[in-house]
Amino acid sequence: MSVRTIRHSFTLALVLIGVMVGEAADRTNVLFIAADDLRCDLGCYGHPLAITPHLDKLAARGTRFDRAYCAQALCNPSRSSLMTGRRPDTLRLYNLTKHFRDGMPDVVTLPEHFKNQGYFTQNIGKIYHNWRTSEKGDPRSWSVPAVMHYDSHRRDTPQVEGELPRNFASAIRCECRDVPDNAYFDGRITDLSLTALRERAESDQPFFLAVGFWKPHLPFNAPKKYWDMYDREAMLAPECDHWPTDTPRIAWHNSQELWGKKPAPLSDADAQELRHGYLAAITYMDAQVGRLLNELDRLGLTDDTLVVFWSDHGFQLGDHTLWCKTSNFELDARVPMIIAPPKKPATASSEALVELLDLYPTIVDLCQVPTIDGPEGVSLRPLMEGQVVSVKDAALTQHPRPAYYNDMEAMGHSVRTTRFRYTEWRDPKDNRLVGVELYDHQSDPAETKNVAADKTYTSFLPSLRATLNELRGPFTDVALPESAQ
């Protein structure tokens, strides 16, 4: 080979390397932020008390989805569904102990797909629910080992030097101590995430950084300064503080996440303290989001980074006599979801029905990486760019009974349409119908009365049932009971 040919080949190689580096530098980064047990109690969602300036600011420059829904109101099924783009019925995963790879070992997760496209993927904090699964998180998703992702909420105790300050809280699962933010998991997760962002700013490789906050999940143990931002006397009582009229008992659960297996009477004062602690935990989490976004700005990364914020499911604070999650009511199923693309503005808000399931194809679409077969959601990019006002007719949420089961007695599938929430509970052994719920959000947004047996609504039932069947998939056709016809 001549010297001229070698020089030509070397020059061509440099050009190709330069093109590849340039393409990598032009690719959109992803900052993927998760909250745990956060219902739509944010200022940007209209909550009159919530102090959430940083998420409000993020929503102001992105798209706030006002009717986004989880696949199941429990950490592991919801997160597994979002991260794989599959419904719980596809994964056959409904509890805290099964790992999604137990049934689908070769499924390509959202961050794994980005890693396969040349991204640096990193997990700090709780993204997968993995405390009780045999596999800790999902190592295949990440370029480096995940950190602060495998633990229990009960182990999030304050870490301080010297004597531990007193606890000003007295209600069950509440703690109010005058400690710094990084005394708890979420402050330390933010510290590590800021370091990760600085490292990424020094690299030309595009990144997918997943930051999972543990709050506002129980225990409600935000540092005291966040409790001090609220007036406990102003805490809002539930819109529906009783069991909904005519709702079947199968929809109920025993709120064991709060109580354990021995429930006890909860005083009005303790209930108010729990609601106070929940808002304090939200504001504490919001402050950590603010630290991330400020660092993104300081490093000059904002214009190159897609920021996605989501919660795995909602929460009940005494609503419907329930605490925590694991039901199919609106407060469990509905979640905050904000997508802020870099540079180009997005539609400020959308009332379209969407699902966490849709994040997988949406992020792929917005970052213009190759699509992949398998995910069951749809891209929300047309909504964000104002091309359409709707992408689907309904959102599906489901939950088994018992809520934390050894032997499943029933599965409830629930569809949310523009006007209604319709739920069917069926025996998994023979598909026998054991309960039906219908709530009219046009006249009863708090879901205070089940109108499935009200003859006024008879004409709506066939189409709602057809919608549920389409999303749920094939089943044995069992007639509705007389009370719901």
# chains A, B, ... in the order shown; residues from 1 in each chain; ligands from 1
$ residues_around --residues "region 290-302 of chain A" --least-positions-apart "5" --cutoff "10 Å" --atoms "only C-alpha atoms" --output "PDB file with C-alpha atoms, in the first residue's frame"
ATOM      1  CA  THR A  28     -30.544  14.646  22.890  1.00  0.00           C
ATOM      2  CA  ASN A  29     -29.710  13.732  26.478  1.00  0.00           C
ATOM      3  CA  LEU A  31     -32.838  13.393  32.475  1.00  0.00           C
ATOM      4  CA  ILE A  33     -36.823  11.822  37.131  1.00  0.00           C
ATOM      5  CA  THR A  52     -43.568  23.028  44.416  1.00  0.00           C
ATOM      6  CA  PRO A  53     -41.847  25.913  42.613  1.00  0.00           C
ATOM      7  CA  HIS A  54     -39.319  23.797  40.737  1.00  0.00           C
ATOM      8  CA  LEU A  55     -41.757  21.322  39.244  1.00  0.00           C
ATOM      9  CA  LYS A  57     -41.254  25.873  36.563  1.00  0.00           C
ATOM     10  CA  LEU A  58     -40.497  22.644  34.697  1.00  0.00           C
ATOM     11  CA  GLY A 187     -30.774  14.509  49.539  1.00  0.00           C
ATOM     12  CA  THR A 190     -29.309  14.478  44.589  1.00  0.00           C
ATOM     13  CA  ASP A 191     -25.707  14.932  45.712  1.00  0.00           C
ATOM     14  CA  SER A 193     -26.753  13.019  40.689  1.00  0.00           C
ATOM     15  CA  LEU A 194     -25.095  16.452  40.625  1.00  0.00           C
ATOM     16  CA  THR A 195     -21.710  14.745  40.465  1.00  0.00           C
ATOM     17  CA  LEU A 197     -24.199  15.535  35.671  1.00  0.00           C
ATOM     18  CA  ARG A 198     -20.803  17.224  36.032  1.00  0.00           C
ATOM     19  CA  ARG A 200     -21.486  13.880  31.817  1.00  0.00           C
ATOM     20  CA  ALA A 201     -20.843  17.526  30.963  1.00  0.00           C
ATOM     21  CA  GLU A 202     -17.188  16.610  30.366  1.00  0.00           C
ATOM     22  CA  VAL A 211     -32.817   9.785  39.094  1.00  0.00           C
ATOM     23  CA  TYR A 284     -38.664  18.226  50.043  1.00  0.00           C
ATOM     24  CA  MET A 285     -38.676  16.152  46.843  1.00  0.00           C
ATOM     25  CA  VAL A 307     -36.392  16.277  31.046  1.00  0.00           C
ATOM     26  CA  ALA A 340     -39.945  19.206  28.830  1.00  0.00           C
ATOM     27  CA  PRO A 341     -38.090  18.947  25.510  1.00  0.00           C
ATOM     28  CA  PRO A 342     -34.967  20.996  24.840  1.00  0.00           C
ATOM     29  CA  LYS A 343     -35.021  24.154  22.739  1.00  0.00           C
TER      30      LYS A 343
END
$ closest_residue --among "A:Val108, A:Ala281, A:Leu93, A:Leu164" --to "Pro139 (chain A)" --atoms "only C-alpha atoms"
A:Val108
$ atom_distance --atom1 "CA of Asp319 (chain A)" --atom2 "CA of Pro336 (chain A)"
18.3 Å
$ select_by_dssp --residues "region 130-213 of chain A" --states "helix (DSSP H, G or I)" --output "list of chain:residue names"
A:Pro139, A:Arg140, A:Ser141, A:His153, A:Arg154, A:Arg155, A:Asp181, A:Asn182, A:Ala183, A:Phe185, A:Asp186, A:Gly187, A:Arg188, A:Ile189, A:Thr190, A:Asp191, A:Leu192, A:Ser193, A:Leu194, A:Thr195, A:Ala196, A:Leu197, A:Arg198, A:Glu199, A:Arg200, A:Ala201
$ residues_around --residues "Gly137 (chain A)" --least-positions-apart "5" --cutoff "12 Å" --atoms "only C-alpha atoms" --output "VMD selection string"
chain A and resid 76 79 to 80 83 97 to 101 109 123 to 132 142 145 to 151
$ atom_distance --atom1 "CA of Leu461 (chain A)" --atom2 "CA of Phe420 (chain A)"
10.2 Å
$ atom_distance --atom1 "CA of Ala466 (chain A)" --atom2 "CA of Ser414 (chain A)"
12.1 Å
$ residues_around --residues "Pro345 (chain A)" --least-positions-apart "3" --cutoff "12 Å" --atoms "only C-alpha atoms" --output "ChimeraX atom specification"
/A:58-63,303,306,339-342,348-349,384-386
$ write_last_selection --atoms "all heavy atoms" --output "short mmCIF file (atom, residue, chain, number, x, y, z; two decimals), in the first residue's frame"
data_model
loop_
_atom_site.label_atom_id
_atom_site.label_comp_id
_atom_site.auth_asym_id
_atom_site.auth_seq_id
_atom_site.Cartn_x
_atom_site.Cartn_y
_atom_site.Cartn_z
N LEU A 58 -40.72 23.65 35.74
CA LEU A 58 -40.50 22.64 34.70
C LEU A 58 -41.74 22.49 33.84
O LEU A 58 -41.66 22.44 32.60
CB LEU A 58 -40.12 21.30 35.33
CG LEU A 58 -39.88 20.15 34.35
CD1 LEU A 58 -38.65 20.40 33.50
CD2 LEU A 58 -39.75 18.82 35.10
N ALA A 59 -42.90 22.43 34.49
CA ALA A 59 -44.15 22.29 33.75
C ALA A 59 -44.39 23.49 32.83
O ALA A 59 -44.95 23.34 31.74
CB ALA A 59 -45.31 22.12 34.72
N ALA A 60 -43.95 24.66 33.27
CA ALA A 60 -44.18 25.87 32.49
C ALA A 60 -43.41 25.88 31.19
O ALA A 60 -43.80 26.55 30.22
CB ALA A 60 -43.80 27.10 33.32
N ARG A 61 -42.31 25.12 31.12
CA ARG A 61 -41.54 25.08 29.87
C ARG A 61 -41.69 23.77 29.11
O ARG A 61 -41.05 23.56 28.10
CB ARG A 61 -40.06 25.37 30.14
CG ARG A 61 -39.27 24.28 30.83
CD ARG A 61 -37.77 24.64 30.83
NE ARG A 61 -36.94 23.65 31.48
CZ ARG A 61 -36.44 22.57 30.86
NH1 ARG A 61 -36.74 22.35 29.59
NH2 ARG A 61 -35.66 21.73 31.51
N GLY A 62 -42.56 22.89 29.63
CA GLY A 62 -42.80 21.62 28.96
C GLY A 62 -44.28 21.38 28.79
O GLY A 62 -45.08 22.32 28.75
N THR A 63 -44.65 20.12 28.69
CA THR A 63 -46.05 19.74 28.60
C THR A 63 -46.46 19.03 29.88
O THR A 63 -45.83 18.05 30.28
CB THR A 63 -46.31 18.81 27.40
OG1 THR A 63 -45.96 19.48 26.19
CG2 THR A 63 -47.77 18.40 27.34
N ASP A 303 -30.34 23.00 27.12
CA ASP A 303 -30.75 23.08 25.71
C ASP A 303 -30.47 21.81 24.93
O ASP A 303 -30.82 21.71 23.75
CB ASP A 303 -30.05 24.26 25.03
CG ASP A 303 -30.63 25.60 25.46
OD1 ASP A 303 -31.73 25.61 26.05
OD2 ASP A 303 -29.97 26.63 25.22
N LEU A 306 -33.64 16.41 27.27
CA LEU A 306 -35.06 16.16 27.47
C LEU A 306 -35.25 15.81 28.95
O LEU A 306 -34.61 14.88 29.45
CB LEU A 306 -35.51 14.99 26.59
CG LEU A 306 -36.93 14.47 26.80
CD1 LEU A 306 -37.95 15.48 26.31
CD2 LEU A 306 -37.12 13.13 26.10
N ILE A 339 -43.25 16.45 30.57
CA ILE A 339 -42.18 16.23 29.60
C ILE A 339 -41.75 17.59 29.06
O ILE A 339 -42.56 18.32 28.47
CB ILE A 339 -42.64 15.33 28.44
CG1 ILE A 339 -43.17 13.99 28.97
CG2 ILE A 339 -41.49 15.09 27.47
CD1 ILE A 339 -43.71 13.07 27.89
N ALA A 340 -40.49 17.92 29.27
CA ALA A 340 -39.94 19.21 28.83
C ALA A 340 -38.83 18.97 27.82
O ALA A 340 -37.71 18.62 28.18
CB ALA A 340 -39.42 20.01 30.02
N PRO A 341 -39.12 19.16 26.54
CA PRO A 341 -38.09 18.95 25.51
C PRO A 341 -37.12 20.12 25.46
O PRO A 341 -37.45 21.23 25.88
CB PRO A 341 -38.91 18.85 24.22
CG PRO A 341 -40.13 19.67 24.49
CD PRO A 341 -40.42 19.52 25.96
N PRO A 342 -35.92 19.89 24.96
CA PRO A 342 -34.97 21.00 24.84
C PRO A 342 -35.31 21.90 23.67
O PRO A 342 -35.92 21.48 22.69
CB PRO A 342 -33.64 20.27 24.60
CG PRO A 342 -34.03 18.99 23.93
CD PRO A 342 -35.36 18.61 24.52
N ALA A 348 -48.39 23.66 26.35
CA ALA A 348 -48.28 23.87 27.80
C ALA A 348 -48.93 22.77 28.63
O ALA A 348 -48.40 22.37 29.66
CB ALA A 348 -48.89 25.23 28.16
N SER A 349 -50.09 22.29 28.19
CA SER A 349 -50.76 21.23 28.93
C SER A 349 -51.64 20.45 27.97
O SER A 349 -51.99 20.92 26.89
CB SER A 349 -51.60 21.80 30.07
OG SER A 349 -52.65 22.61 29.57
N MET A 384 -47.81 16.87 22.11
CA MET A 384 -46.91 17.92 22.57
C MET A 384 -46.71 19.00 21.52
O MET A 384 -46.51 20.17 21.85
CB MET A 384 -45.56 17.30 22.97
CG MET A 384 -45.65 16.33 24.14
SD MET A 384 -44.07 15.56 24.51
CE MET A 384 -43.10 16.98 25.01
N GLU A 385 -46.74 18.60 20.26
CA GLU A 385 -46.51 19.55 19.17
C GLU A 385 -47.81 20.14 18.62
O GLU A 385 -47.78 20.87 17.63
CB GLU A 385 -45.70 18.88 18.07
CG GLU A 385 -44.30 18.47 18.55
CD GLU A 385 -43.46 17.80 17.47
OE1 GLU A 385 -44.01 17.50 16.38
OE2 GLU A 385 -42.25 17.58 17.71
N GLY A 386 -48.93 19.81 19.27
CA GLY A 386 -50.20 20.41 18.89
C GLY A 386 -50.80 19.88 17.61
O GLY A 386 -51.71 20.49 17.05
#
$ residues_around --residues "region 363-366 of chain A" --least-positions-apart "2" --cutoff "9 Å" --atoms "only C-alpha atoms" --output "compact mmCIF listing (two decimals) with N, CA and C atoms, in the first residue's frame"
# COMPACT_ATOMS: atom_id res chain seq x y z
N THR A 28 -29.87 14.11 21.72
CA THR A 28 -30.54 14.65 22.89
C THR A 28 -30.28 13.79 24.12
N VAL A 30 -31.15 12.66 28.09
CA VAL A 30 -32.39 12.43 28.82
C VAL A 30 -32.11 12.49 30.32
N LEU A 110 -36.35 0.52 28.47
CA LEU A 110 -36.14 1.85 27.89
C LEU A 110 -34.68 2.29 27.98
N HIS A 113 -32.40 0.17 25.76
CA HIS A 113 -32.50 0.53 24.34
C HIS A 113 -31.60 1.72 24.04
N PHE A 114 -31.60 2.71 24.92
CA PHE A 114 -30.73 3.87 24.71
C PHE A 114 -29.26 3.48 24.83
N LEU A 306 -33.64 16.41 27.27
CA LEU A 306 -35.06 16.16 27.47
C LEU A 306 -35.25 15.81 28.95
N VAL A 308 -37.83 14.51 31.81
CA VAL A 308 -39.09 13.78 32.00
C VAL A 308 -39.30 13.58 33.50
N PRO A 341 -39.12 19.16 26.54
CA PRO A 341 -38.09 18.95 25.51
C PRO A 341 -37.12 20.12 25.46
N ASP A 358 -46.94 5.08 27.83
CA ASP A 358 -46.61 5.84 26.63
C ASP A 358 -45.24 6.52 26.69
N LEU A 359 -44.62 6.54 27.86
CA LEU A 359 -43.34 7.23 27.97
C LEU A 359 -42.25 6.57 27.12
N TYR A 360 -42.24 5.25 27.07
CA TYR A 360 -41.22 4.55 26.30
C TYR A 360 -41.21 5.03 24.84
N PRO A 361 -42.30 4.87 24.09
CA PRO A 361 -42.25 5.32 22.68
C PRO A 361 -42.12 6.83 22.54
N GLN A 368 -35.32 10.80 18.77
CA GLN A 368 -35.05 10.34 17.40
C GLN A 368 -34.05 9.19 17.35
N VAL A 369 -34.21 8.27 18.30
CA VAL A 369 -33.45 7.02 18.22
C VAL A 369 -34.35 5.99 17.56
N PRO A 370 -33.80 4.92 17.02
CA PRO A 370 -34.62 3.93 16.32
C PRO A 370 -35.72 3.36 17.21
N THR A 371 -36.87 3.10 16.61
CA THR A 371 -37.96 2.47 17.35
C THR A 371 -37.65 1.00 17.55
N ILE A 372 -38.44 0.38 18.42
CA ILE A 372 -38.24 -1.03 18.73
C ILE A 372 -39.60 -1.69 18.83
N SER A 379 -46.63 7.12 21.05
CA SER A 379 -45.87 8.35 21.22
C SER A 379 -46.81 9.52 21.48
N LEU A 380 -46.45 10.34 22.44
CA LEU A 380 -47.24 11.53 22.77
C LEU A 380 -46.70 12.78 22.08
N ARG A 381 -45.73 12.58 21.23
CA ARG A 381 -45.14 13.73 20.53
C ARG A 381 -46.18 14.53 19.74
$ residues_around --residues "Leu266 (chain A)" --least-positions-apart "2" --cutoff "12 Å" --atoms "only C-alpha atoms" --output "PDB file with N, CA and C atoms, in the first residue's frame"
ATOM      1  N   ALA A 171     -47.598  11.343  64.928  1.00  0.00           N
ATOM      2  CA  ALA A 171     -48.491  10.408  64.240  1.00  0.00           C
ATOM      3  C   ALA A 171     -47.712   9.219  63.697  1.00  0.00           C
ATOM      4  N   ILE A 172     -48.412   8.143  63.452  1.00  0.00           N
ATOM      5  CA  ILE A 172     -47.810   6.945  62.894  1.00  0.00           C
ATOM      6  C   ILE A 172     -47.107   7.257  61.576  1.00  0.00           C
ATOM      7  N   SER A 255     -55.489  -0.908  53.888  1.00  0.00           N
ATOM      8  CA  SER A 255     -54.489   0.145  54.126  1.00  0.00           C
ATOM      9  C   SER A 255     -53.310  -0.369  54.945  1.00  0.00           C
ATOM     10  N   LEU A 258     -49.883   1.475  55.736  1.00  0.00           N
ATOM     11  CA  LEU A 258     -49.797   2.405  56.861  1.00  0.00           C
ATOM     12  C   LEU A 258     -49.800   1.667  58.189  1.00  0.00           C
ATOM     13  N   TRP A 259     -50.703   0.695  58.327  1.00  0.00           N
ATOM     14  CA  TRP A 259     -50.947   0.082  59.625  1.00  0.00           C
ATOM     15  C   TRP A 259     -50.182  -1.196  59.879  1.00  0.00           C
ATOM     16  N   PRO A 263     -54.622  -2.852  62.041  1.00  0.00           N
ATOM     17  CA  PRO A 263     -55.125  -1.480  61.967  1.00  0.00           C
ATOM     18  C   PRO A 263     -55.676  -1.018  63.304  1.00  0.00           C
ATOM     19  N   ALA A 264     -55.563   0.284  63.544  1.00  0.00           N
ATOM     20  CA  ALA A 264     -56.048   0.886  64.792  1.00  0.00           C
ATOM     21  C   ALA A 264     -56.761   2.182  64.436  1.00  0.00           C
ATOM     22  N   ASP A 268     -58.459  12.339  64.327  1.00  0.00           N
ATOM     23  CA  ASP A 268     -58.488  13.423  63.344  1.00  0.00           C
ATOM     24  C   ASP A 268     -57.165  14.178  63.334  1.00  0.00           C
ATOM     25  N   ALA A 269     -56.567  14.354  64.514  1.00  0.00           N
ATOM     26  CA  ALA A 269     -55.297  15.078  64.609  1.00  0.00           C
ATOM     27  C   ALA A 269     -54.176  14.321  63.905  1.00  0.00           C
ATOM     28  N   ASP A 270     -54.153  13.005  64.091  1.00  0.00           N
ATOM     29  CA  ASP A 270     -53.117  12.209  63.431  1.00  0.00           C
ATOM     30  C   ASP A 270     -53.324  12.184  61.915  1.00  0.00           C
ATOM     31  N   ALA A 271     -54.582  12.132  61.483  1.00  0.00           N
ATOM     32  CA  ALA A 271     -54.852  12.170  60.044  1.00  0.00           C
ATOM     33  C   ALA A 271     -54.366  13.481  59.441  1.00  0.00           C
ATOM     34  N   GLN A 272     -54.584  14.577  60.137  1.00  0.00           N
ATOM     35  CA  GLN A 272     -54.104  15.871  59.655  1.00  0.00           C
ATOM     36  C   GLN A 272     -52.582  15.931  59.636  1.00  0.00           C
ATOM     37  N   GLU A 273     -51.951  15.310  60.629  1.00  0.00           N
ATOM     38  CA  GLU A 273     -50.482  15.301  60.645  1.00  0.00           C
ATOM     39  C   GLU A 273     -49.936  14.485  59.478  1.00  0.00           C
ATOM     40  N   LEU A 274     -50.587  13.397  59.146  1.00  0.00           N
ATOM     41  CA  LEU A 274     -50.172  12.604  57.992  1.00  0.00           C
ATOM     42  C   LEU A 274     -50.306  13.411  56.703  1.00  0.00           C
ATOM     43  N   LEU A 317     -55.260   9.662  51.031  1.00  0.00           N
ATOM     44  CA  LEU A 317     -54.972  10.259  52.335  1.00  0.00           C
ATOM     45  C   LEU A 317     -56.248  10.276  53.184  1.00  0.00           C
ATOM     46  N   GLY A 318     -56.837   9.094  53.333  1.00  0.00           N
ATOM     47  CA  GLY A 318     -58.107   8.983  54.032  1.00  0.00           C
ATOM     48  C   GLY A 318     -59.294   9.085  53.095  1.00  0.00           C
ATOM     49  N   THR A 321     -62.085   6.343  52.805  1.00  0.00           N
ATOM     50  CA  THR A 321     -61.676   5.643  54.039  1.00  0.00           C
ATOM     51  C   THR A 321     -60.356   4.900  53.855  1.00  0.00           C
ATOM     52  N   LEU A 322     -59.634   5.138  52.769  1.00  0.00           N
ATOM     53  CA  LEU A 322     -58.408   4.400  52.457  1.00  0.00           C
ATOM     54  C   LEU A 322     -57.164   5.259  52.672  1.00  0.00           C
ATOM     55  N   TRP A 323     -56.061   4.571  52.962  1.00  0.00           N
ATOM     56  CA  TRP A 323     -54.749   5.215  53.018  1.00  0.00           C
ATOM     57  C   TRP A 323     -53.803   4.473  52.076  1.00  0.00           C
TER      58      TRP A 323
END
$ closest_residue --among "A:Arg426, A:Lys325, A:Lys215, A:Arg334" --to "Tyr184 (chain A)" --atoms "only C-alpha atoms"
A:Lys215
$ select_by_dssp --residues "region 49-253 of chain A" --states "strand (DSSP E or B)" --output "list in words"
Thr63, Arg64, Phe65, Asp66, Arg67, Ala68, Tyr69, Phe120, Thr121, Gln122, Asn123, Ile124, Gly125, Val147, Cys174, Phe207, Phe208, Leu209, Ala210, Val211, Gly212, Phe213, Trp214, Lys215, Pro216, Phe220 and Thr245 of chain A
$ residues_around --residues "Gly43 (chain A)" --least-positions-apart "6" --cutoff "7 Å" --atoms "only C-alpha atoms" --output "PyMOL selection string"
chain A and resi 50-52+56
$ closest_atom_pairs --of "region 157-276 of chain A" --to "region 396-401 of chain A" --cutoff "10 Å" --atoms "only C-alpha atoms" --output "tab-separated table"
residue	atom	partner	partner_atom	distance
A:Ile250	CA	A:Arg401	CA	7.2
A:Ala251	CA	A:Arg401	CA	8.2
A:Trp252	CA	A:Arg401	CA	8.9
A:His253	CA	A:Arg401	CA	8.1
$ closest_residue --among "A:Asp102, A:Pro223, A:Arg39, A:Phe185" --to "Ser134 (chain A)" --atoms "only C-alpha atoms"
A:Asp102
$ closest_residue --among "A:Asn469, A:Gln316, A:Thr362, A:Thr84" --to "Ile338 (chain A)" --atoms "only C-alpha atoms"
A:Thr362
